[in-house]
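Written below as structure tokens is the structure these notes are about.
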Amino acid sequence: MRIRALAAVAVVGALALAGCSTPAPSEPDETVTITDLNVIVPADPGGGWDQTGRALADTLTGEGLVDSAGVTNIPGAGGTVGLASLATETDPYTLMMMGLVMVGAVETNASANRIEDNTPIARLTEEALVVVVPAASPYETLEDLVDDIVENGQDVTITGGSAGGADHILVGLLLGEAGLSPAEITEKLNYIPNSGGGEAVTLLLGNNVSAGVSGVGEFVEHIEAGTMRALAVSSEAPVDLLPDVPTIIDEGYDVALTNWRGVIAPPGISEADRAALIDLVTEMHATGAWASVLEEKGWADAFLAGDEFDTFLEGDITAVVQTLKDIGLI
């Protein structure tokens with residue numbers, strides 16, 4: 001069965017942000033104007049969440065939609081360290097980056113803090129993943145890589161984002177398509193997780209791993225520079241940033257997966273504050289500056305806000321849990 005983009009379902013402690021006062025929660029009938037926003041990126045600098053969070057903050061301030069939008073990185077465990085921090089956040093005007101990676105990480109880390117306990121605001125983007133190898137790698141095709149994993153198992157190392165996240169899921173799906181059972185995937189897959197895209201790049205450029213998986217935007221400059229070789233992208237059609245790179249489907253594996261990213265707010269905020277955050281992000285989404293960001297980064301516009309995003313998120317969590325079980329990751 002083809003795995004359609006999970007992004008489209010149809011598929012430590014508290015941090016006090018320096019310099020930001022904590023407004024009292026608004027009453028339901030208040031009109032709220034947000035002037036200062038906190039943006040939490042639950043990962044190290046350099047990766048997809050960090051790029052998206054900083055683009056969000058820059059667009060909001062650059063377009064004059066807020067006076068300030070400070071970005072704080074709280075890395076660890078696929079975003080679940082940041083999720084634990086958000087659970088105790090008292091400033092309602094806080095947005096945390098999250099997405100498919102966090103949905104999987106909550107399950108694989110058996111996190112006590114759940115995404116559903118917070119306040120969904122909006123889905124922003126989705127992005128194809130790309131499977132790459134160091135420039136000196138003997139693997140010329142995706143089949144070369146997959147066959148070596150099937151034959152030599154743990155001797156082949158794959159790096160990517162957090163355990164249970166989109167990158168990890170993609171490799172599991174590939175091995176399932178290659179005929180491995182969930183137990184065999186668990187036995188053979190030597191996956192090295194990272195909390196930010198920069199770590200994966202370092203491992204690949206140092207020839208310390210056999211291959212890597214991440215969002216196209218995180219690897220494209222290294223592919224263009226010739227220090228990495230792209231084997232395949234995970235979307236159903238080639239992507240604009242890498243038009244000559246085949247899809248995984250083109251390479252003979254019936255798998256398509258895109259990685260979505262969005263924002264949530266702390267739990268228990270008022271309806272007025274939630275509505276103000278949704279309006280703010282919706283207004284940002286409508287700007288030409290945000291459209292330029294999407295084009296520059298090669299991110300697809302996947303905007304959903306408010307109740308629509310809430311419904312999507314519920315379905316995505318259910319789908320991801322089942323997929324993780326199917327490929328032996330939980």
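Letters A, B, ... go to the chains of the structure tokens in the order shown; residues in each chain start at 1; ligands are counted from 1 in the same order.
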Contacts of Ser235 of chain A at 9 Å (only C-alpha atoms; same-chain gap of 3+ positions) as JSON, numbers by chain: {"A": [5, 127, 128, 129, 130, 238, 239, 247, 248, 249, 255, 256, 257, 258]}
List as an MDAnalysis selection string the protein and nucleic acid residues near segment 36-43 of chain A, meaning an atom at most 10 Å away when only C-alpha atoms are counted, but skip any in the same chain fewer than 3 places from it. chainID A and resid 15 17 20:21 33 46:54 56:57 60:61 65:86 91:98 102 161:162 194:197 263:265 277
Just the strand (DSSP E) stuff from segment 30-178 of chain A, please, per backbone DSSP, written as a PyMOL selection string. chain A and resi 36-41+68-73+94-99+119-134+157-160
Would you save the residues of that selection, restricted to C-alpha atoms, as a short mmCIF file (atom, residue, chain, number, x, y, z; two decimals), in the first residue's frame?
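Listing of again_15.cif after writing:
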data_model
loop_
_atom_site.label_atom_id
_atom_site.label_comp_id
_atom_site.auth_asym_id
_atom_site.auth_seq_id
_atom_site.Cartn_x
_atom_site.Cartn_y
_atom_site.Cartn_z
CA ASP A 36 5.42 40.80 21.76
CA LEU A 37 5.62 37.12 20.88
CA ASN A 38 7.82 34.28 22.11
CA VAL A 39 8.85 31.59 19.60
CA ILE A 40 10.18 28.31 20.97
CA VAL A 41 12.16 26.02 18.67
CA SER A 68 9.25 41.63 18.83
CA ALA A 69 9.40 37.87 18.34
CA GLY A 70 12.30 36.37 20.24
CA VAL A 71 13.38 32.83 19.33
CA THR A 72 14.62 30.38 21.98
CA ASN A 73 16.01 26.92 21.23
CA THR A 94 4.05 31.88 22.94
CA LEU A 95 4.25 29.74 19.82
CA MET A 96 6.26 26.53 19.67
CA MET A 97 7.34 24.93 16.43
CA MET A 98 6.29 21.31 16.03
CA GLY A 99 5.19 18.86 13.40
CA THR A 119 -3.43 24.59 22.07
CA PRO A 120 -3.23 23.94 18.30
CA ILE A 121 -2.78 27.14 16.29
CA ALA A 122 -1.78 26.39 12.71
CA ARG A 123 -0.04 24.09 10.27
CA LEU A 124 2.34 26.14 8.14
CA THR A 125 4.39 24.12 5.68
CA GLU A 126 5.24 20.72 4.35
CA GLU A 127 8.47 19.61 2.77
CA ALA A 128 9.80 16.62 0.90
CA LEU A 129 12.63 14.65 2.47
CA VAL A 130 15.76 13.71 0.58
CA VAL A 131 18.00 10.67 0.99
CA VAL A 132 21.65 11.62 0.57
CA VAL A 133 25.09 10.04 0.78
CA PRO A 134 28.55 11.61 1.09
CA THR A 157 24.51 3.70 9.35
CA ILE A 158 21.74 6.18 8.54
CA THR A 159 21.52 9.57 10.21
CA GLY A 160 18.56 11.90 10.39
#
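Each of A:Ile192, A:Leu174, A:Leu294, A:Ala276 was checked against Asp240 of chain A using only C-alpha atoms; the smallest atom-to-atom distance is that of A:Leu294.
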As a PyMOL selection string, please: the residues near segment 136-140 of chain A (cut-off 10 Å, only C-alpha atoms, same-chain neighbours under 5 positions excluded). chain A and resi 145-146+148+205+207+209-211+226-231
I'd like to know which residues of segment 109-257 of chain A are helix (DSSP H, G or I) (by DSSP, run on the backbone); could you write them as number ranges by chain? A: 115-117, 142-155, 166-177, 182-188, 197-205, 216-225
For Val321 of chain A: contacts at 9 Å, only C-alpha atoms, fewer than 6 positions along chain excluded, given as a list of chain:residue names: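 Once the nearby chain positions are removed, what remains is A:Val103, A:Gly104, A:Glu107, A:Ile330.
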Prev. selection, N, CA, C and O atoms, output as a PDB file, in the first residue's frame:
ATOM      1  N   VAL A 103       5.212  14.428  16.564  1.00  0.00           N
ATOM      2  CA  VAL A 103       4.150  13.424  16.709  1.00  0.00           C
ATOM      3  C   VAL A 103       4.771  12.045  16.910  1.00  0.00           C
ATOM      4  O   VAL A 103       4.371  11.288  17.800  1.00  0.00           O
ATOM      5  N   GLY A 104       5.776  11.711  16.101  1.00  0.00           N
ATOM      6  CA  GLY A 104       6.444  10.426  16.254  1.00  0.00           C
ATOM      7  C   GLY A 104       7.275  10.338  17.508  1.00  0.00           C
ATOM      8  O   GLY A 104       7.288   9.307  18.194  1.00  0.00           O
ATOM      9  N   GLU A 107       5.574   9.416  20.765  1.00  0.00           N
ATOM     10  CA  GLU A 107       5.280   7.986  20.902  1.00  0.00           C
ATOM     11  C   GLU A 107       6.535   7.177  21.204  1.00  0.00           C
ATOM     12  O   GLU A 107       6.539   6.337  22.098  1.00  0.00           O
ATOM     13  N   ILE A 330       7.612   1.191  17.354  1.00  0.00           N
ATOM     14  CA  ILE A 330       7.055   1.202  18.706  1.00  0.00           C
ATOM     15  C   ILE A 330       6.360  -0.144  18.929  1.00  0.00           C
ATOM     16  O   ILE A 330       6.025  -0.851  18.007  1.00  0.00           O
TER      17      ILE A 330
END
